[in-house]
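**Q** Here's a structure for you.
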Amino acid sequence: MDRSELQQLVTSYHEQHRCLIGFNINDVYDLHAVSLAANEIDKPVMVMTYPPVVELNTSYLCRKMVDGFLPLSQNPIYLHLDHSTSVDMCKQAIDDGYDSVMIDGSQKSLTENITMTREVVKYAAPAGVLVEAEIGKIKGRDVVVKSEDDYLASVSDAKAIYEEAGPDILAVGIGTAHGFTPTTPKIHFNRLEEIAAAIRIPLVLHGGTGIPDADILRAIQTGVVKLNVGTIVHTTYMKELYTEIGKDVDTAYPPFLMKEVIPRIKDVVLDRLKAVQAT
Ligand code: 13P
């Protein structure tokens with residue numbers, strides 16, 4: 001099986017210290033905003049659906065939605081399933097034509113994580129679908145972090161999942177957190193460097209909303225090829241929509257409101273795309 005366009009892009013980005021951003025999207029409107037921003041900066045981009053989006057709409061419909069934007073896009077828009085803890089959901093997304101899936105076994109034991117990841121890698125291979133796994137934990141939301149050691153990805157675990165399960169890319173818990181954080185997350189760059197030196201595959205940095213630009217650029221120089229950005233997109237969407245609805249709730253009509261909101265989401269997406277443009 002030839003390597004897919006996305007697998008080749010990730011490899012070349014790794015060699016060139018460049019970075020693809022994956023934006024969590026929820027519907028046609030924030031997807032629209034991402035596609036406008038990607039056209040403006042003239043770069044490939046990834047859009048990612050969290051499991052609740054897939055549970056509500058199906059991966060089939062998400063695939064069709066993104067397909068609808070491809071003829072309007074100057075560059076590829078890759079579709080990724082983000083943080084699926086379910087092997088079955090990954091398989092369904094692969095069947096429905098996703099370009100990439102993440103199997104997240106980070107809350108399980110290393111052995112279970114490896115087993116789950118291996119099963120998804122095997123299923124994805126004939127379809128040429130990229131597989132992301134996770135070692136360590138990304139803080140925030142429902143993730144239970146008992147101690148510093150607990151969230152920090154270990155080099156030996158990263159090596160084990162790389163060697164025994166064979167994912168294409170690996171998300172590493174090195175101090176970043178999902179969402180807005182009260183203080184700037186302290187990234188363990190030493191650990192990132194150790195992991196990058198120990199395994200050959202590219203790394204993924206989650207929690208993009210709260211990471212300062214300088215840390216993002218440093219991480220890219222250290223082997224990160226994919227940055228995940230979510231919270232800043234959906235909070236902009238919700239807050240701007242709330243403002244628009246509040247102007248006159250009785251006459252609020254979605255397309256008129258979204259005409260105002262989409263450009264504001266686009267500005268936020270563009271700002272994050274520019275943050276990695278130096279790479
Ligand atoms: P943020 O919500 O902090 O941007 O993180 C998104 C993410 O890592 C999705 O996997």
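Following the order of the structure tokens, chains are lettered A, B, ..., residues in each are numbered from 1, and ligands are numbered from 1.
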Leaving out range 12-19 of chain A and any residue of its chain fewer than 6 positions from it, which residues lie within 12 Å of it when counting only C-alpha atoms, given as a PyMOL selection string?
**A** chain A and resi 5-6+43-46+168-169+196+200-205+216-228+272-279
**Q** Using only N, CA and C atoms, please write the residues we just selected to a file, as a short mmCIF file (atom, residue, chain, number, x, y, z; two decimals), in the first residue's frame.
**A**
data_model
loop_
_atom_site.label_atom_id
_atom_site.label_comp_id
_atom_site.auth_asym_id
_atom_site.auth_seq_id
_atom_site.Cartn_x
_atom_site.Cartn_y
_atom_site.Cartn_z
N GLU A 5 -1.28 10.69 0.95
CA GLU A 5 -0.80 12.07 0.81
C GLU A 5 -0.50 12.67 2.18
N LEU A 6 -1.37 12.40 3.15
CA LEU A 6 -1.16 12.96 4.49
C LEU A 6 0.06 12.33 5.17
N LYS A 43 -2.34 27.40 2.84
CA LYS A 43 -1.64 26.25 3.45
C LYS A 43 -2.62 25.09 3.66
N PRO A 44 -2.11 23.86 3.65
CA PRO A 44 -2.97 22.73 4.04
C PRO A 44 -3.35 22.85 5.51
N VAL A 45 -4.46 22.25 5.86
CA VAL A 45 -4.93 22.32 7.24
C VAL A 45 -5.62 21.00 7.58
N MET A 46 -5.76 20.76 8.88
CA MET A 46 -6.51 19.57 9.30
C MET A 46 -7.71 20.04 10.11
N ASP A 168 1.61 6.15 13.37
CA ASP A 168 2.35 7.07 12.48
C ASP A 168 2.88 8.27 13.25
N ILE A 169 2.07 8.75 14.19
CA ILE A 169 2.45 9.92 14.98
C ILE A 169 2.04 9.69 16.43
N ALA A 196 11.80 12.59 21.33
CA ALA A 196 12.08 12.80 19.90
C ALA A 196 13.35 12.08 19.48
N ARG A 200 11.47 7.49 16.02
CA ARG A 200 11.66 8.21 14.76
C ARG A 200 10.40 8.95 14.28
N ILE A 201 9.24 8.60 14.86
CA ILE A 201 8.02 9.20 14.32
C ILE A 201 7.79 10.62 14.85
N PRO A 202 7.03 11.41 14.05
CA PRO A 202 6.73 12.78 14.47
C PRO A 202 5.83 12.81 15.71
N LEU A 203 5.89 13.92 16.42
CA LEU A 203 5.13 14.06 17.66
C LEU A 203 4.00 15.09 17.49
N VAL A 204 3.03 14.99 18.39
CA VAL A 204 1.86 15.87 18.33
C VAL A 204 1.73 16.60 19.66
N LEU A 205 1.46 17.91 19.57
CA LEU A 205 1.27 18.71 20.77
C LEU A 205 -0.21 19.08 20.88
N ILE A 216 5.46 27.05 21.06
CA ILE A 216 5.02 26.28 19.89
C ILE A 216 6.19 26.14 18.91
N LEU A 217 6.87 27.25 18.64
CA LEU A 217 7.98 27.21 17.67
C LEU A 217 9.12 26.32 18.17
N ARG A 218 9.39 26.40 19.47
CA ARG A 218 10.45 25.55 20.03
C ARG A 218 10.07 24.06 19.91
N ALA A 219 8.80 23.77 20.17
CA ALA A 219 8.34 22.37 20.08
C ALA A 219 8.47 21.85 18.65
N ILE A 220 8.19 22.72 17.68
CA ILE A 220 8.29 22.31 16.27
C ILE A 220 9.74 21.98 15.93
N GLN A 221 10.66 22.76 16.47
CA GLN A 221 12.09 22.47 16.22
C GLN A 221 12.50 21.16 16.88
N THR A 222 11.70 20.69 17.83
CA THR A 222 12.06 19.48 18.58
C THR A 222 11.28 18.25 18.11
N GLY A 223 10.60 18.32 16.98
CA GLY A 223 9.98 17.11 16.45
C GLY A 223 8.46 17.08 16.43
N VAL A 224 7.83 18.19 16.84
CA VAL A 224 6.37 18.25 16.77
C VAL A 224 5.95 18.65 15.35
N VAL A 225 5.08 17.86 14.73
CA VAL A 225 4.62 18.20 13.37
C VAL A 225 3.14 18.53 13.32
N LYS A 226 2.46 18.28 14.43
CA LYS A 226 1.01 18.57 14.44
C LYS A 226 0.68 19.24 15.76
N LEU A 227 -0.05 20.36 15.65
CA LEU A 227 -0.49 21.10 16.83
C LEU A 227 -2.02 21.08 16.83
N ASN A 228 -2.60 20.69 17.96
CA ASN A 228 -4.07 20.66 18.05
C ASN A 228 -4.60 21.93 18.70
N ARG A 272 -3.74 31.59 14.50
CA ARG A 272 -2.98 30.39 14.90
C ARG A 272 -2.18 29.83 13.70
N LEU A 273 -2.74 29.92 12.51
CA LEU A 273 -1.98 29.45 11.33
C LEU A 273 -0.74 30.31 11.12
N LYS A 274 -0.88 31.60 11.38
CA LYS A 274 0.27 32.50 11.23
C LYS A 274 1.34 32.19 12.29
N ALA A 275 0.90 31.72 13.45
CA ALA A 275 1.85 31.44 14.54
C ALA A 275 2.84 30.34 14.16
N VAL A 276 2.44 29.45 13.27
CA VAL A 276 3.38 28.38 12.86
C VAL A 276 3.95 28.64 11.47
N GLN A 277 3.62 29.80 10.92
CA GLN A 277 4.02 30.07 9.53
C GLN A 277 5.55 30.18 9.39
N ALA A 278 6.19 30.63 10.45
CA ALA A 278 7.65 30.75 10.39
C ALA A 278 8.29 29.40 10.13
N THR A 279 7.52 28.33 10.30
CA THR A 279 8.10 26.98 10.17
C THR A 279 7.91 26.43 8.78
#
**Q** Can you tell me, as a VMD selection string, which residues in range 8-186 of chain A count as helix (DSSP H, G or I) by DSSP?
**A** chain A and resid 8 to 16 28 to 41 51 to 57 59 to 72 87 to 95 110 to 127 148 to 151 155 to 165
**Q** What does the file look like for those residues with C-alpha atoms, as a compact mmCIF listing (two decimals), in the first residue's frame?
**A**
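Below is the file that was written, again_13.txt:
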# COMPACT_ATOMS: atom_id res chain seq x y z
CA GLN A 8 3.86 11.78 3.10
CA LEU A 9 3.12 15.36 4.16
CA VAL A 10 3.73 14.51 7.82
CA THR A 11 7.05 12.89 6.99
CA SER A 12 8.24 15.83 4.91
CA TYR A 13 7.08 18.31 7.56
CA HIS A 14 9.05 16.30 10.13
CA GLU A 15 12.20 16.58 8.03
CA GLN A 16 11.68 20.30 7.45
CA VAL A 28 -20.45 23.41 8.85
CA TYR A 29 -19.97 26.96 10.15
CA ASP A 30 -16.68 26.60 11.99
CA LEU A 31 -15.48 24.34 9.18
CA HIS A 32 -16.37 27.16 6.79
CA ALA A 33 -14.24 29.54 8.89
CA VAL A 34 -11.26 27.16 8.85
CA SER A 35 -11.48 26.74 5.08
CA LEU A 36 -11.53 30.54 4.55
CA ALA A 37 -8.47 30.96 6.80
CA ALA A 38 -6.60 28.13 5.07
CA ASN A 39 -7.29 29.71 1.68
CA GLU A 40 -6.15 33.10 2.90
CA ILE A 41 -2.82 31.79 4.16
CA PRO A 51 -16.30 11.84 19.53
CA PRO A 52 -19.43 13.80 20.62
CA VAL A 53 -19.56 15.41 17.17
CA VAL A 54 -19.34 11.97 15.57
CA GLU A 55 -21.89 10.48 17.98
CA LEU A 56 -24.35 13.25 17.11
CA ASN A 57 -23.79 13.36 13.36
CA SER A 59 -18.50 10.00 10.82
CA TYR A 60 -20.16 9.43 7.44
CA LEU A 61 -21.85 12.84 7.56
CA CYS A 62 -18.71 14.56 8.87
CA ARG A 63 -16.77 13.11 5.94
CA LYS A 64 -19.39 14.36 3.47
CA MET A 65 -19.39 17.79 5.08
CA VAL A 66 -15.63 18.16 4.65
CA ASP A 67 -15.85 16.75 1.11
CA GLY A 68 -18.17 19.62 0.29
CA PHE A 69 -15.44 22.13 1.03
CA LEU A 70 -12.65 20.47 -0.93
CA PRO A 71 -13.54 21.95 -4.34
CA LEU A 72 -13.52 25.40 -2.70
CA VAL A 87 -11.52 1.20 18.67
CA ASP A 88 -14.90 0.71 16.98
CA MET A 89 -15.36 4.44 16.42
CA CYS A 90 -11.89 4.58 14.82
CA LYS A 91 -12.76 1.66 12.54
CA GLN A 92 -16.03 3.31 11.49
CA ALA A 93 -14.24 6.58 10.74
CA ILE A 94 -11.67 4.67 8.66
CA ASP A 95 -14.51 2.95 6.77
CA LEU A 110 0.36 0.75 28.82
CA THR A 111 -0.42 -2.83 27.79
CA GLU A 112 -4.05 -1.99 26.99
CA ASN A 113 -3.00 1.21 25.21
CA ILE A 114 -0.59 -0.77 23.02
CA THR A 115 -3.22 -3.44 22.28
CA MET A 116 -5.86 -0.87 21.27
CA THR A 117 -3.40 1.11 19.18
CA ARG A 118 -2.11 -2.00 17.43
CA GLU A 119 -5.65 -3.02 16.47
CA VAL A 120 -6.38 0.40 14.95
CA VAL A 121 -3.00 0.53 13.16
CA LYS A 122 -3.71 -2.89 11.60
CA TYR A 123 -7.18 -1.82 10.49
CA ALA A 124 -5.99 1.55 9.13
CA ALA A 125 -3.02 0.24 7.16
CA PRO A 126 -4.80 -1.10 4.02
CA ALA A 127 -6.76 2.15 3.79
CA GLU A 148 3.59 14.96 37.88
CA ASP A 149 4.89 11.52 36.94
CA ASP A 150 1.41 10.43 36.02
CA TYR A 151 0.84 12.90 33.17
CA VAL A 155 10.59 7.71 27.14
CA SER A 156 10.30 3.97 27.70
CA ASP A 157 6.48 4.05 27.24
CA ALA A 158 6.88 6.10 24.06
CA LYS A 159 9.41 3.58 22.75
CA ALA A 160 7.18 0.67 23.70
CA ILE A 161 4.09 1.95 21.88
CA TYR A 162 6.17 2.99 18.87
CA GLU A 163 7.87 -0.40 18.59
CA GLU A 164 4.96 -2.65 19.52
CA ALA A 165 1.97 -0.85 17.97
**Q** Nearest to ligand 1 among A:Thr235, A:Ser73, A:Thr209, A:Thr183, with distances taken over only C-alpha atoms and all ligand atoms: which residue is it?
**A**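 Result for the nearest residue to ligand 1: A:Thr209.
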**Q** My list of candidates is A:Arg141, A:Arg191, A:His178, A:Lys259. Which is closest to ligand 1 when distances are computed with only C-alpha atoms and all ligand atoms?
**A**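 Closest residue, counting only C-alpha atoms and all ligand atoms: A:His178.
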**Q** Rank A:Val249, A:Val233, A:Leu152, A:Val129 by their smallest atom-to-atom distance to Val47 in chain A, using only C-alpha atoms, and report the top residue only.
**A**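 Between A:Val249, A:Val233, A:Leu152, A:Val129, the residue approaching Val47 in chain A most closely is A:Val233.
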**Q** With only C-alpha atoms as the counted atoms, please give the residues lying no more than 12 Å from Thr184 in chain A, apart from itself and same-chain residues fewer than 5 positions off, as a PyMOL selection string.
**A** chain A and resi 175-179+207-213+215
**Q** Looking at only C-alpha atoms and all ligand atoms, which of A:Pro263, A:Gly22, A:Pro167, A:Gly105 is the one that sits closest to ligand 1?
**A**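 Among the listed residues, the smallest separation from ligand 1 belongs to A:Gly22.
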**Q** For each of A:Asp271, A:Asp27, A:Glu134, A:Asp99, take the minimum atom-to-atom distance to Tyr237 in chain A, counting only C-alpha atoms, then give the residue where this is smallest.
**A** A:Asp27
**Q** Which parts of range 1-188 of chain A does DSSP call strand (DSSP E) when run on the backbone here, written out as number ranges by chain?
**A** A: 20-24, 45-49, 77-84, 100-103, 130-135, 169-172
**Q** The selected residues should be written to file as a PDB file, in the first residue's frame (atoms: C-alpha atoms).
**A**
ATOM      1  CA  LEU A  20       0.280  21.187  10.441  1.00  0.00           C
ATOM      2  CA  ILE A  21      -2.469  22.566  12.675  1.00  0.00           C
ATOM      3  CA  GLY A  22      -5.493  20.421  13.470  1.00  0.00           C
ATOM      4  CA  PHE A  23      -8.519  22.510  14.410  1.00  0.00           C
ATOM      5  CA  ASN A  24     -11.402  20.942  16.313  1.00  0.00           C
ATOM      6  CA  VAL A  45      -4.928  22.319   7.244  1.00  0.00           C
ATOM      7  CA  MET A  46      -6.513  19.571   9.295  1.00  0.00           C
ATOM      8  CA  VAL A  47      -9.979  19.609  10.812  1.00  0.00           C
ATOM      9  CA  MET A  48     -10.749  17.298  13.699  1.00  0.00           C
ATOM     10  CA  THR A  49     -14.008  15.960  15.090  1.00  0.00           C
ATOM     11  CA  ILE A  77      -8.193  19.888   4.220  1.00  0.00           C
ATOM     12  CA  TYR A  78      -7.501  16.623   6.064  1.00  0.00           C
ATOM     13  CA  LEU A  79     -10.132  15.084   8.321  1.00  0.00           C
ATOM     14  CA  HIS A  80      -9.116  13.537  11.655  1.00  0.00           C
ATOM     15  CA  LEU A  81     -10.990  11.786  14.457  1.00  0.00           C
ATOM     16  CA  ASP A  82      -9.684  13.294  17.703  1.00  0.00           C
ATOM     17  CA  HIS A  83      -9.360  11.536  21.084  1.00  0.00           C
ATOM     18  CA  SER A  84     -11.416   8.477  20.313  1.00  0.00           C
ATOM     19  CA  SER A 100      -6.513  10.196  10.105  1.00  0.00           C
ATOM     20  CA  VAL A 101      -7.707   8.820  13.454  1.00  0.00           C
ATOM     21  CA  MET A 102      -6.489   9.116  17.030  1.00  0.00           C
ATOM     22  CA  ILE A 103      -6.912   6.141  19.320  1.00  0.00           C
ATOM     23  CA  LEU A 130      -2.796   7.906   9.516  1.00  0.00           C
ATOM     24  CA  VAL A 131      -2.965   6.744  13.142  1.00  0.00           C
ATOM     25  CA  GLU A 132      -2.147   8.913  16.152  1.00  0.00           C
ATOM     26  CA  ALA A 133      -1.631   7.361  19.581  1.00  0.00           C
ATOM     27  CA  GLU A 134      -1.028   8.999  22.960  1.00  0.00           C
ATOM     28  CA  ILE A 135       1.473   8.491  25.746  1.00  0.00           C
ATOM     29  CA  ILE A 169       2.450   9.925  14.983  1.00  0.00           C
ATOM     30  CA  LEU A 170       2.447  10.178  18.755  1.00  0.00           C
ATOM     31  CA  ALA A 171       0.784  12.679  21.082  1.00  0.00           C
ATOM     32  CA  VAL A 172       2.859  13.236  24.174  1.00  0.00           C
TER      33      VAL A 172
END
**Q** Find the residue from A:Gly230, A:Pro76, A:Pro182, A:Gly246 that sits nearest to ligand 1; use only C-alpha atoms and all ligand atoms when measuring.
**A**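 Looking at the shortest contact to ligand 1, the residue is A:Gly230.
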**Q** For the atom pair CA of Lys247 in chain A and CA of Arg264 in chain A, what is the interatomic distance in Å to one decimal place?
**A**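 Atom-to-atom, CA of Lys247 in chain A to CA of Arg264 in chain A, that is 16.7 Å.
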